[in-house]
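What follows is one structure encoded as structure tokens, with my remarks underneath.
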Amino acid sequence: MKIAKVIVDLPLMQTDKPFSYAISKEFQSLIELGMRVHVPFGTGNRLVQGIIVGIEEEKDAENSSVNLKDIAELLDVEPVLTEEQLWLADEMRHSVFSYKISCLKAMLPNLLNSNYDKLLKSADGAVSKWSQLTEEEKISSAKAVRAGQLSVEYLAKSKENRRTEKYLSIPDLEKLAEFEIEKRAKKRLELKYFLLRMTEEKIALKSLNFSSQIIKFFIEHDLVKIEEVEISRTKDKFEAIENDSAKVLNSEQESAYEKIIASSDKPFLLEGITGSGKTEVYLQTIDHFLQMGKTAIMLVPEISLTPQITNRFIARFGDKVAIMHSGLSDGEKYDEWRKIKSGKAQVVVGARSAIFTPVENLGIIIIDEEHETSYKQDSSPRYHARDIALLRAKWHGATLVLGSATPSLESRARAMRGVYELLLLTKRANEAAILPEIKIIDMRSEISDQSANFSQSLLAKIKEKIDKDEQVILMLNRRGYSSFVMCRECGFVVDCPNCDISLTLHMDTRTLNCHYCGHVQGIPQTCPNCQSRKIRYYGSGTQKVEEELREIMPEARVLRMDVDTTRTKNAHEKILEKFGNHEADILLGTQMIAKGLDFPNVTLVGVINADTGLNLPDFRASERSFELLMQVAGRAGRADKKGEVLIQTFNPHHYAIEMTKAQDYEKFYEMEMRFRRELSYPPYYFTVQVLVSHQDEEVAIQKSYEISQILKQNLTEKAKILGPTARPIARTHNLYHYQILVKYRFEEELESALNQVLELTQLRDNKNLRILIDSEPQNFV
Ligand SMILES: Nc1ncnc2c1ncn2[C@@H]1O[C@H](COP(=O)(O)OP(=O)(O)OP(=O)(O)O)[C@@H](O)[C@H]1O
Ligand SMILES: [Zn+2]
């Protein structure tokens, strides 16, 4: 007899290990690693979902199936997780301090993560009710039966959503009924029979969530036929894109290409200035691996996962491409996942979570804009896509390429130490294009009666470009209308009731919004503190700047792109398409517009306020500002027309600004590394952050001291412990936050010390205490 090891879907310390279950006879030949199951759990034998992570032979009395509970149901016909993914989950946990089930679930499409447990549990009661009904009643009682279990709406929705799916069609319903009587699982079959009729003959296998033994039974007895139906919704989109063939690489591109295809020993860091043709190198190396019968994963930051990028991949590789991004519905994501799993797609283009896609025979992984913070997930499991990529490359013997115009200090330092191989692209790929000229505008000496946000020189430049029929990109990394509302009489600022942060004014909705917790309230007419009517708005956001532009330059056609204008599906796409068709002169937006865009007619980039990120209490503030400014500057003059960049700032002598002006990554890297060394920050030290949150500030403080004590006692002297200190925004969502930062180079006690910290949350009187452990945190505010 065999025994199954199951990780149950209960993210708790006590359940964070495999549990043993007996495999009844009917399942013995069907069960495989990586399948989802229902198992009875706990004293009440509640059915919970789980994942098979091991199958062992019964060895001795201790490991005997006699005393074990049986697996209740198999949920899959074939495994949903590969052996590689099970291994990945094990490896990941050591760096992300997360439960294994969270790691496993991060690799599944949402549709499979939804709680089927709830959907199936009350089926028994429903069926007994069902059997007492007349034929007519059976049909009309559909609504009653579905209450609390498989809902008709759910089925309808998943039907709408699917594209590629296996359908069951029933040649003979009567025959099915006969077999039901014979089977012990009669009750369950009855319900399914009912459901099959409900949805008119054809129904998606997966959406019903049949247990695999029933499906097998159906098939063996010729009760159902499985047919592959392909209705590709994105097919039109694929067909509309013209094929594109490879460009002749220039000598730098060529040499990078040759090195990448020749070796997989070390990861590559492809450092190429904006517009140097990194993407062309990606396309051709991927092509090389496809020719060898291998597959590829191409990661891009979510924000730049625009049609501009994806279309380039579709144009080159056609329907071999699967695209994974957050704009897809769960159903669409599931379709893409199927396409990958079945081997139909060989190139996966996607954002962070696409790193988990179950491609076989992986030849190359590319991470574009590798410095982007969006590669780190900021909820559990807090993994970095780069770390997962390293693991997967190891498993497959695949090549890993990290690309950027401004590599993260961590990656660049590794390249300097020879851990990565550095490849440089120093020239723009398009021969006619040269790097744009960058000018800094000192806003301290700008006095304008016309505008609060635009210097005279920026306004003049914009006019000049529009007159020449050229286009302009303007960036202000702050959305909304005004960043705070203040009473001029008493200085009162309207804050969020749940967070220690001022509310942002949004003119389109005429509300004050909290960008942290989503709180929304009306705009006060008088000061809530002193009743004065002198309420004024300060600090401009994109809405305000848009309004100003329309006043000063009514002839200019402006498109705004920020979180607020891109909430609806495909909004992103539509704005960029319009701009690309020159239906607008100015694209105004937040950092969303800084990345990846390639519009040949853009000859001016203006930064309204370069200071928004400079003074954040985060040791990476300069690095982030430099990256962002270099990126956005790189959008200008990418083809044959010369580009210009104007950067407005109140800190013209800040080194991040000066190095941007000089477009000198090398110099910036040197200076920044010096600071990091002096202050013992990454990449010289590793960091782990412990974030302690509680509704009661006293408790938050007390517990964070307790934790810092645990760390001091358990870590060696080599580790440095900073804090606890209040977070810069000390309260959000009605919780007070305190943070501790551990800096270390080698610390063998780290995992055990942090586990002790986590155990605190298991104590009864710490029920409302939240402890987050974040390895290599990217966010300190
Ligand atoms: N070998 C080449 N010959 C001619 N044109 C090229 C070549 N390689 C790339 N290009 C063109 O140069 C432009 C910039 O290339 P690409 O977008 O690949 O650069 P990138 O380094 O990925 O850009 P960024 O990082 O700024 O987004 C594109 O329009 C591209 O089609
Ligand atoms: Zn708030």
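For the structure tokens, the naming scheme is as follows: chains receive sequential letters (A, B, ...) according to their order of presentation, residues are indexed from 1 within each chain, and ligands are indexed from 1 in presentation order.
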
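Every residue of segment 409-467 of chain A with a DSSP assignment of alpha helix (DSSP H), taken from the backbone, is listed as Leu409, Glu410, Ser411, Arg412, Ala413, Arg414, Ala415, Met416, Gln456, Ser457, Leu458, Leu459, Ala460, Lys461, Ile462, Lys463, Glu464, Lys465, Ile466 and Asp467 of chain A.
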
Within 8 Å of ligand 1 (counting only C-alpha atoms and all ligand atoms), which residues show up? I'd like them as a PyMOL selection string. chain A and resi 247-250+253+272-281+369+404-405+428-431+595-598+600+631+634-635+638-639

Write a file of the just-selected residues containing N, CA and C atoms, as an mmCIF file, in the first residue's frame.
data_model
loop_
_atom_site.group_PDB
_atom_site.id
_atom_site.type_symbol
_atom_site.label_atom_id
_atom_site.label_comp_id
_atom_site.auth_asym_id
_atom_site.auth_seq_id
_atom_site.Cartn_x
_atom_site.Cartn_y
_atom_site.Cartn_z
ATOM 1 N N LYS A 247 16.310 41.865 -36.944
ATOM 2 C CA LYS A 247 17.149 42.920 -37.495
ATOM 3 C C LYS A 247 18.597 42.443 -37.496
ATOM 4 N N VAL A 248 19.386 43.045 -38.352
ATOM 5 C CA VAL A 248 20.812 42.719 -38.329
ATOM 6 C C VAL A 248 21.411 43.380 -37.090
ATOM 7 N N LEU A 249 21.989 42.570 -36.230
ATOM 8 C CA LEU A 249 22.507 43.116 -34.971
ATOM 9 C C LEU A 249 23.753 43.958 -35.214
ATOM 10 N N ASN A 250 23.885 45.011 -34.436
ATOM 11 C CA ASN A 250 25.148 45.752 -34.522
ATOM 12 C C ASN A 250 26.220 45.004 -33.738
ATOM 13 N N GLN A 253 25.573 44.327 -29.999
ATOM 14 C CA GLN A 253 24.467 43.383 -29.834
ATOM 15 C C GLN A 253 24.915 41.972 -30.198
ATOM 16 N N GLY A 272 22.538 47.916 -20.912
ATOM 17 C CA GLY A 272 22.520 48.648 -22.175
ATOM 18 C C GLY A 272 21.723 49.918 -22.008
ATOM 19 N N ILE A 273 22.262 51.019 -22.475
ATOM 20 C CA ILE A 273 21.581 52.302 -22.313
ATOM 21 C C ILE A 273 20.200 52.242 -22.959
ATOM 22 N N THR A 274 19.344 53.194 -22.631
ATOM 23 C CA THR A 274 17.995 53.201 -23.197
ATOM 24 C C THR A 274 18.082 53.286 -24.719
ATOM 25 N N GLY A 275 17.297 52.436 -25.361
ATOM 26 C CA GLY A 275 17.271 52.452 -26.821
ATOM 27 C C GLY A 275 18.454 51.750 -27.471
ATOM 28 N N SER A 276 19.213 50.984 -26.686
ATOM 29 C CA SER A 276 20.396 50.334 -27.248
ATOM 30 C C SER A 276 20.055 49.019 -27.932
ATOM 31 N N GLY A 277 18.774 48.637 -27.882
ATOM 32 C CA GLY A 277 18.375 47.417 -28.581
ATOM 33 C C GLY A 277 18.501 46.159 -27.742
ATOM 34 N N LYS A 278 18.251 46.285 -26.445
ATOM 35 C CA LYS A 278 18.246 45.110 -25.573
ATOM 36 C C LYS A 278 17.151 44.139 -26.013
ATOM 37 N N THR A 279 15.974 44.715 -26.298
ATOM 38 C CA THR A 279 14.850 43.863 -26.647
ATOM 39 C C THR A 279 15.146 43.030 -27.893
ATOM 40 N N GLU A 280 15.841 43.629 -28.840
ATOM 41 C CA GLU A 280 16.207 42.884 -30.048
ATOM 42 C C GLU A 280 17.135 41.709 -29.695
ATOM 43 N N VAL A 281 18.026 41.934 -28.757
ATOM 44 C CA VAL A 281 18.911 40.844 -28.318
ATOM 45 C C VAL A 281 18.085 39.745 -27.643
ATOM 46 N N GLU A 369 14.518 45.080 -17.281
ATOM 47 C CA GLU A 369 14.429 46.119 -16.249
ATOM 48 C C GLU A 369 14.578 45.463 -14.872
ATOM 49 N N SER A 404 19.052 45.725 -18.063
ATOM 50 C CA SER A 404 18.657 47.031 -17.552
ATOM 51 C C SER A 404 19.567 48.117 -18.118
ATOM 52 N N ALA A 405 19.033 49.337 -18.162
ATOM 53 C CA ALA A 405 19.892 50.469 -18.480
ATOM 54 C C ALA A 405 20.571 50.945 -17.194
ATOM 55 N N ARG A 428 23.074 53.727 -28.932
ATOM 56 C CA ARG A 428 21.699 53.497 -29.365
ATOM 57 C C ARG A 428 21.703 52.642 -30.633
ATOM 58 N N ALA A 429 20.719 51.726 -30.701
ATOM 59 C CA ALA A 429 20.714 50.745 -31.788
ATOM 60 C C ALA A 429 20.377 51.374 -33.123
ATOM 61 N N ASN A 430 19.427 52.249 -33.077
ATOM 62 C CA ASN A 430 19.052 52.963 -34.283
ATOM 63 C C ASN A 430 20.171 53.948 -34.604
ATOM 64 N N GLU A 431 20.843 53.728 -35.729
ATOM 65 C CA GLU A 431 22.078 54.477 -36.002
ATOM 66 C C GLU A 431 21.905 55.993 -35.986
ATOM 67 N N LYS A 595 8.618 53.894 -18.592
ATOM 68 C CA LYS A 595 9.296 52.640 -18.930
ATOM 69 C C LYS A 595 8.884 52.017 -20.243
ATOM 70 N N GLY A 596 9.859 51.582 -20.976
ATOM 71 C CA GLY A 596 9.606 50.689 -22.110
ATOM 72 C C GLY A 596 8.975 51.321 -23.340
ATOM 73 N N LEU A 597 8.479 52.549 -23.253
ATOM 74 C CA LEU A 597 7.788 53.121 -24.411
ATOM 75 C C LEU A 597 8.782 53.498 -25.511
ATOM 76 N N ASP A 598 8.381 53.209 -26.731
ATOM 77 C CA ASP A 598 9.244 53.466 -27.881
ATOM 78 C C ASP A 598 8.440 54.210 -28.938
ATOM 79 N N PRO A 600 8.788 56.979 -31.786
ATOM 80 C CA PRO A 600 9.827 57.711 -32.527
ATOM 81 C C PRO A 600 9.586 59.212 -32.632
ATOM 82 N N GLN A 631 15.351 56.471 -16.955
ATOM 83 C CA GLN A 631 14.375 55.751 -17.776
ATOM 84 C C GLN A 631 13.522 56.708 -18.583
ATOM 85 N N GLY A 634 15.156 58.467 -21.326
ATOM 86 C CA GLY A 634 15.415 57.568 -22.454
ATOM 87 C C GLY A 634 14.265 57.449 -23.435
ATOM 88 N N ARG A 635 13.106 58.052 -23.104
ATOM 89 C CA ARG A 635 11.974 57.993 -24.037
ATOM 90 C C ARG A 635 12.113 59.027 -25.145
ATOM 91 N N ARG A 638 14.342 58.640 -29.815
ATOM 92 C CA ARG A 638 14.747 57.254 -30.036
ATOM 93 C C ARG A 638 14.916 56.920 -31.517
ATOM 94 N N ALA A 639 14.478 57.799 -32.396
ATOM 95 C CA ALA A 639 14.654 57.514 -33.825
ATOM 96 C C ALA A 639 15.572 58.573 -34.447
#

Between A:Ile297, A:Met561, A:Val8, A:Ile773, which is the closest to Phe356 of chain A once you count only C-alpha atoms?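 Closest to Phe356 of chain A of all the choices is A:Ile297.
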
Show me which residues line ligand 2, defined as having an atom within 10 Å of a ligand atom where only C-alpha atoms and all ligand atoms count, and present them as a list of chain:residue names.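 Using only C-alpha atoms and all ligand atoms, everything at most 10 Å from ligand 2 comes to A:Asp495, A:Cys496, A:Pro497, A:Asn498, A:Cys499, A:Asp500, A:Ile501, A:Ser502, A:Leu503, A:Asn513, A:Cys514, A:His515, A:Tyr516, A:Cys517, A:Gly518, A:His519, A:Val520, A:Arg731, A:Thr732, A:His733, A:Asn734.
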
Go ahead and write the residues just picked, N, CA and C atoms, as an mmCIF file, in the first residue's frame.
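Below you can see result07.cif, which holds the result:
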data_model
loop_
_atom_site.group_PDB
_atom_site.id
_atom_site.type_symbol
_atom_site.label_atom_id
_atom_site.label_comp_id
_atom_site.auth_asym_id
_atom_site.auth_seq_id
_atom_site.Cartn_x
_atom_site.Cartn_y
_atom_site.Cartn_z
ATOM 1 N N ASP A 495 -6.256 64.947 7.505
ATOM 2 C CA ASP A 495 -5.598 63.641 7.485
ATOM 3 C C ASP A 495 -6.616 62.520 7.343
ATOM 4 N N CYS A 496 -6.104 61.361 6.959
ATOM 5 C CA CYS A 496 -6.950 60.164 6.921
ATOM 6 C C CYS A 496 -7.254 59.742 8.353
ATOM 7 N N PRO A 497 -8.500 59.372 8.631
ATOM 8 C CA PRO A 497 -8.815 58.926 9.990
ATOM 9 C C PRO A 497 -8.137 57.597 10.346
ATOM 10 N N ASN A 498 -7.744 56.823 9.351
ATOM 11 C CA ASN A 498 -7.144 55.509 9.622
ATOM 12 C C ASN A 498 -5.631 55.487 9.514
ATOM 13 N N CYS A 499 -5.065 56.536 8.902
ATOM 14 C CA CYS A 499 -3.627 56.522 8.618
ATOM 15 C C CYS A 499 -3.014 57.865 9.003
ATOM 16 N N ASP A 500 -1.742 57.858 9.320
ATOM 17 C CA ASP A 500 -1.052 59.114 9.607
ATOM 18 C C ASP A 500 -0.553 59.738 8.319
ATOM 19 N N ILE A 501 -1.462 60.125 7.470
ATOM 20 C CA ILE A 501 -1.054 60.688 6.190
ATOM 21 C C ILE A 501 -2.152 61.628 5.717
ATOM 22 N N SER A 502 -1.748 62.696 5.036
ATOM 23 C CA SER A 502 -2.767 63.638 4.581
ATOM 24 C C SER A 502 -3.536 63.053 3.400
ATOM 25 N N LEU A 503 -4.766 63.520 3.259
ATOM 26 C CA LEU A 503 -5.603 63.026 2.175
ATOM 27 C C LEU A 503 -5.287 63.789 0.896
ATOM 28 N N ASN A 513 -9.076 61.525 -0.960
ATOM 29 C CA ASN A 513 -8.821 60.084 -0.925
ATOM 30 C C ASN A 513 -7.533 59.766 -0.182
ATOM 31 N N CYS A 514 -7.544 58.637 0.522
ATOM 32 C CA CYS A 514 -6.313 58.145 1.132
ATOM 33 C C CYS A 514 -5.673 57.152 0.170
ATOM 34 N N HIS A 515 -4.427 57.372 -0.211
ATOM 35 C CA HIS A 515 -3.760 56.471 -1.149
ATOM 36 C C HIS A 515 -3.230 55.218 -0.454
ATOM 37 N N TYR A 516 -3.385 55.155 0.858
ATOM 38 C CA TYR A 516 -2.955 53.945 1.560
ATOM 39 C C TYR A 516 -4.082 52.967 1.797
ATOM 40 N N CYS A 517 -5.180 53.464 2.398
ATOM 41 C CA CYS A 517 -6.238 52.528 2.788
ATOM 42 C C CYS A 517 -7.495 52.684 1.945
ATOM 43 N N GLY A 518 -7.521 53.667 1.064
ATOM 44 C CA GLY A 518 -8.684 53.813 0.207
ATOM 45 C C GLY A 518 -9.827 54.623 0.801
ATOM 46 N N HIS A 519 -9.633 55.160 1.999
ATOM 47 C CA HIS A 519 -10.675 55.992 2.615
ATOM 48 C C HIS A 519 -11.029 57.171 1.702
ATOM 49 N N VAL A 520 -12.330 57.461 1.583
ATOM 50 C CA VAL A 520 -12.793 58.568 0.733
ATOM 51 C C VAL A 520 -13.736 59.448 1.538
ATOM 52 N N ARG A 731 1.129 55.002 11.153
ATOM 53 C CA ARG A 731 -0.147 54.307 11.284
ATOM 54 C C ARG A 731 -0.831 54.268 9.919
ATOM 55 N N THR A 732 -1.241 53.079 9.487
ATOM 56 C CA THR A 732 -2.091 52.958 8.300
ATOM 57 C C THR A 732 -3.138 51.901 8.600
ATOM 58 N N HIS A 733 -4.277 51.969 7.920
ATOM 59 C CA HIS A 733 -5.355 50.996 8.111
ATOM 60 C C HIS A 733 -5.688 50.810 9.588
ATOM 61 N N ASN A 734 -5.533 51.871 10.361
ATOM 62 C CA ASN A 734 -5.818 51.787 11.785
ATOM 63 C C ASN A 734 -4.863 50.912 12.570
#

Would you mind telling me which residue in A:Ser532, A:Ser353, A:Gln471, A:Ser380 lies nearest to Phe599 of chain A when using only C-alpha atoms?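 The shortest atom-to-atom distance to Phe599 of chain A comes from A:Gln471.
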
Contact table segment 398-481 of chain A vs segment 538-548 of chain A, cut-off 10 Å, shortest pair per residue, only C-alpha atoms, as a tab-separated table:
residue	atom	partner	partner_atom	distance
A:Gln450	CA	A:Glu548	CA	9.4
A:Ser451	CA	A:Glu548	CA	7.3
A:Ala452	CA	A:Glu548	CA	8.7
A:Asn453	CA	A:Val545	CA	7.0
A:Phe454	CA	A:Val545	CA	8.7
A:Leu474	CA	A:Thr542	CA	9.7
A:Met475	CA	A:Thr542	CA	8.5
A:Leu476	CA	A:Thr542	CA	6.3
A:Asn477	CA	A:Gly541	CA	7.8
A:Arg478	CA	A:Gly541	CA	5.0
A:Arg479	CA	A:Gly541	CA	4.7
A:Gly480	CA	A:Gly541	CA	4.9
A:Tyr481	CA	A:Gln543	CA	4.6

Keeping C-alpha atoms for every residue in the selection just given, could you write it to a file as a PDB file, in the first residue's frame?
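Output file result_6.pdb follows:
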ATOM      1  CA  GLN A 450       1.482  82.090 -15.431  1.00  0.00           C
ATOM      2  CA  SER A 451       1.930  78.763 -13.729  1.00  0.00           C
ATOM      3  CA  ALA A 452       2.885  77.152 -10.474  1.00  0.00           C
ATOM      4  CA  ASN A 453       4.131  73.982 -12.083  1.00  0.00           C
ATOM      5  CA  PHE A 454       5.823  74.970 -15.318  1.00  0.00           C
ATOM      6  CA  LEU A 474       5.600  64.849 -19.270  1.00  0.00           C
ATOM      7  CA  MET A 475       6.132  63.056 -15.988  1.00  0.00           C
ATOM      8  CA  LEU A 476       4.948  63.961 -12.527  1.00  0.00           C
ATOM      9  CA  ASN A 477       5.170  61.092 -10.128  1.00  0.00           C
ATOM     10  CA  ARG A 478       2.197  62.060  -8.030  1.00  0.00           C
ATOM     11  CA  ARG A 479      -1.413  61.396  -8.895  1.00  0.00           C
ATOM     12  CA  GLY A 480      -4.562  63.198  -7.847  1.00  0.00           C
ATOM     13  CA  TYR A 481      -5.130  66.940  -7.850  1.00  0.00           C
TER      14      TYR A 481
END

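For the pair atom CA of Arg316 of chain A and atom CA of Asp244 of chain A, the separation is 5.4 Å.
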
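Look at Glu78 of chain A: the protein and nucleic acid residues within 10 Å of it, using only C-alpha atoms and passing over chain neighbours fewer than 5 places away, are Leu30, Ile31, Glu32, Leu33, Gly34, Met35, Arg36 and Ser212 of chain A.
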
Output file for the residues above (C-alpha atoms, as a short mmCIF file (atom, residue, chain, number, x, y, z; two decimals), in the first residue's frame):
data_model
loop_
_atom_site.label_atom_id
_atom_site.label_comp_id
_atom_site.auth_asym_id
_atom_site.auth_seq_id
_atom_site.Cartn_x
_atom_site.Cartn_y
_atom_site.Cartn_z
CA LEU A 30 -4.65 7.52 -10.40
CA ILE A 31 -2.82 9.48 -7.79
CA GLU A 32 0.24 11.49 -8.76
CA LEU A 33 2.53 14.06 -7.19
CA GLY A 34 1.29 17.62 -7.59
CA MET A 35 -2.43 16.80 -7.69
CA ARG A 36 -4.98 18.57 -5.56
CA SER A 212 -10.85 12.03 -11.52
#

Shell of 6 Å around segment 98-112 of chain A, only C-alpha atoms, local chain residues under 5 positions omitted, as a PyMOL selection string: chain A and resi 89+93+330+334+356+381

Would you save the residues of that selection, restricted to N, CA and C atoms, as an mmCIF file, in the first residue's frame?
data_model
loop_
_atom_site.group_PDB
_atom_site.id
_atom_site.type_symbol
_atom_site.label_atom_id
_atom_site.label_comp_id
_atom_site.auth_asym_id
_atom_site.auth_seq_id
_atom_site.Cartn_x
_atom_site.Cartn_y
_atom_site.Cartn_z
ATOM 1 N N ALA A 89 9.136 25.197 -4.255
ATOM 2 C CA ALA A 89 8.467 25.610 -3.022
ATOM 3 C C ALA A 89 9.350 25.325 -1.816
ATOM 4 N N ARG A 93 11.155 28.588 0.513
ATOM 5 C CA ARG A 93 10.740 28.898 1.879
ATOM 6 C C ARG A 93 11.889 29.442 2.711
ATOM 7 N N ASP A 330 -9.442 35.737 -14.289
ATOM 8 C CA ASP A 330 -8.957 34.440 -13.809
ATOM 9 C C ASP A 330 -9.112 33.372 -14.885
ATOM 10 N N TYR A 334 -6.146 31.290 -16.629
ATOM 11 C CA TYR A 334 -6.171 29.841 -16.608
ATOM 12 C C TYR A 334 -5.965 29.287 -18.016
ATOM 13 N N PHE A 356 6.731 31.486 -12.423
ATOM 14 C CA PHE A 356 6.331 30.157 -11.957
ATOM 15 C C PHE A 356 5.687 29.298 -13.039
ATOM 16 N N PRO A 381 3.696 34.847 -0.378
ATOM 17 C CA PRO A 381 5.121 34.744 -0.062
ATOM 18 C C PRO A 381 5.926 35.884 -0.705
#

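Taking only C-alpha atoms into account, Glu58 of chain A lies nearest to A:Tyr21 out of the set A:Val37, A:Asp76, A:Tyr21, A:Ser708.
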
Could you produce a table of the residues of segment 263-311 of chain A lying within 8 Å of segment 382-403 of chain A, with the nearest pair of atoms per residue and their separation in Å rounded to one decimal, using only C-alpha atoms, ordered by chain and increasing residue number, as a Markdown table?
| residue | atom | partner | partner_atom | distance |
| --- | --- | --- | --- | --- |
| A:Ser263 | CA | A:Thr399 | CA | 7.1 |
| A:Ser264 | CA | A:Thr399 | CA | 4.4 |
| A:Asp265 | CA | A:Thr399 | CA | 7.5 |
| A:Lys266 | CA | A:Leu400 | CA | 7.6 |
| A:Pro267 | CA | A:Leu400 | CA | 4.8 |
| A:Phe268 | CA | A:Val401 | CA | 4.7 |
| A:Leu269 | CA | A:Leu402 | CA | 4.8 |
| A:Leu270 | CA | A:Gly403 | CA | 4.6 |
| A:Glu271 | CA | A:Gly403 | CA | 5.9 |
| A:Gly272 | CA | A:Gly403 | CA | 7.5 |
| A:Lys278 | CA | A:Gly403 | CA | 7.4 |

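Residue nearest Phe317 of chain A within the list A:Asp287, A:Glu759, A:Glu749, A:Asp562: A:Asp287 [criterion: smallest interatomic distance, only C-alpha atoms].
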
Using only C-alpha atoms, determine which residues lie at most 7 Å from Gly643 of chain A, disregarding the query and same-chain residues fewer than 2 positions distant; provide the list as an MDAnalysis selection string. chainID A and resid 436:437 603:604 636:637 641 645
